[in-house]
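J.: I am attaching a structure below and will ask some questions about it afterwards.
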Amino acid sequence: MGKRRVRNLIALNHKDIAGFDVRQDRVKFAAHEYGVQTFSDFDQAVEEFGPDLFIISTPPDLHMRYAYYALKKKIHCFIEGSVVEANKILELGEKARDLGVIMVPSCTMRFYPGPIQIKDLVRRDIVGRPLNYNYQSGQYLPDWHPWESVEDFYVSNPDTGGCREIVPFELTWLNDIFGNPTPVACVKRKLSDMNIEIDDLYHCLLEYPGGLVGNLTVEVLSRPESTREFRLIGSEGEIVYSGGNNTVRYINTSMSSWKVIKLNTGTVEKQYINPEEPYIEEIRKFIEAVTNKDPGMYPNTLYDDYLVLNNLYDLEALS
């Protein structure tokens, strides 16, 4: 994600960029590939570069270490999706607000064209009252970073495991549309023969305000292609989002056939499966919020993140 965020900043015509990483291979790659200043010592990076903004793209269990440093120094920051330390996130949000420091969590899927279309259709009552959704999201974990082994980065750690991390990642956009749910049931398992001790499937049942029942499956098993398939049944019709053919289609009781919306595929970098544009847009919104000193210009808050992580913890308690 650090590499992707450097690309995002370059795409937005920002020039004054520096990167810090404890791994020398990543430092050398960023310096060579993107021409940015790099550091392998954090204190030296802060002292010599003097950043106005942080983008925290560390493993999730290190997010708060750097975020609280940023808070102390009154440095605005963007934080990738978290999966641990919900209470620290809540406290961070309250303190940042009091100090006038803008700190926001990632919500990339809200910038994807599929969820944007779904939200618009739901808001316009195109299919009536939402009754039930079924959604499956998955990508084989070794395909996340094909250039390195899963044992070499945080997705193999049970606390920050790849499958566990994606549950709040997906709930961030689902809850934005449907509200904060009550977890009802959860099954999580290790089903694969990957040589790591993490659950690679979460099967989650949630009840939303208004009675909507959501069935969310997150897995890191799908191969050779990733899976992103969503179906919403409403009182007057259906909405279907397919990542495989990159479409949203819908039908209701006043229509004789499905309406198909072909989504923009965007720009996909080599060895990635997801386009750059949603990531660029969320960084643009973060910088816009900082520039205008208005955190409300960014669509997600640390309190929202706190609620989503508690959804995850409640689901795990039920498993």
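Scheme for the structure tokens: letters A, B, ... for chains in order shown; per-chain residue numbers from 1; ligand numbers from 1 in order shown.
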Where in region 59-234 of chain A does DSSP assign helix (DSSP H, G or I), given as number ranges by chain?

T.: A: 60-73, 86-99, 108-111, 113-123, 141-143, 150-152, 154-156, 158-160, 162-178

J.: Quick one: contact table of region 21-77 of chain A to region 155-174 of chain A, 10 Å max, nearest atom pair and distance in Å to one decimal per residue, counting only C-alpha atoms, chain and number order, as a Markdown table?

T.:
```
| residue | atom | partner | partner_atom | distance |
| --- | --- | --- | --- | --- |
| A:Pro59 | CA | A:Thr160 | CA | 7.8 |
| A:Pro60 | CA | A:Thr160 | CA | 6.5 |
| A:Asp61 | CA | A:Thr160 | CA | 7.0 |
```

J.: If you count only C-alpha atoms, which residues fall within 12 Å of Val268 (chain A), apart from same-chain ones fewer than 6 positions away, as a list in words?

T.: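 Selected residues are Arg4, Arg7, Asn274, Pro275, Glu276, Glu277, Pro278 and Tyr279 of chain A.
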
J.: Sort by chain and increasing residue number a table of all residues of region 183-250 of chain A within 6 Å of region 258-262 of chain A, each with its closest pair of atoms and their distance in Å to one decimal, counting only C-alpha atoms, and write it as CSV.

T.:
```
residue,atom,partner,partner_atom,distance
A:Thr247,CA,A:Lys262,CA,4.7
A:Val248,CA,A:Ile261,CA,5.2
A:Arg249,CA,A:Val260,CA,4.3
A:Tyr250,CA,A:Lys259,CA,5.4
```

J.: Between CA of Leu131 (chain A) and CA of Ile233 (chain A), what is the spacing in Å?

T.: 5.7 Å

J.: Give me the residues within 9 Å of Asn132 (chain A) as a list of chain:residue names, counting only C-alpha atoms and dropping any in the same chain fewer than 6 places off.

T.: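 Near neighbours after the sequence-gap exclusion: A:Gly211, A:Leu212, A:Val213, A:Gly214, A:Asn215, A:Arg231, A:Leu232, A:Ile233, A:Gly234.
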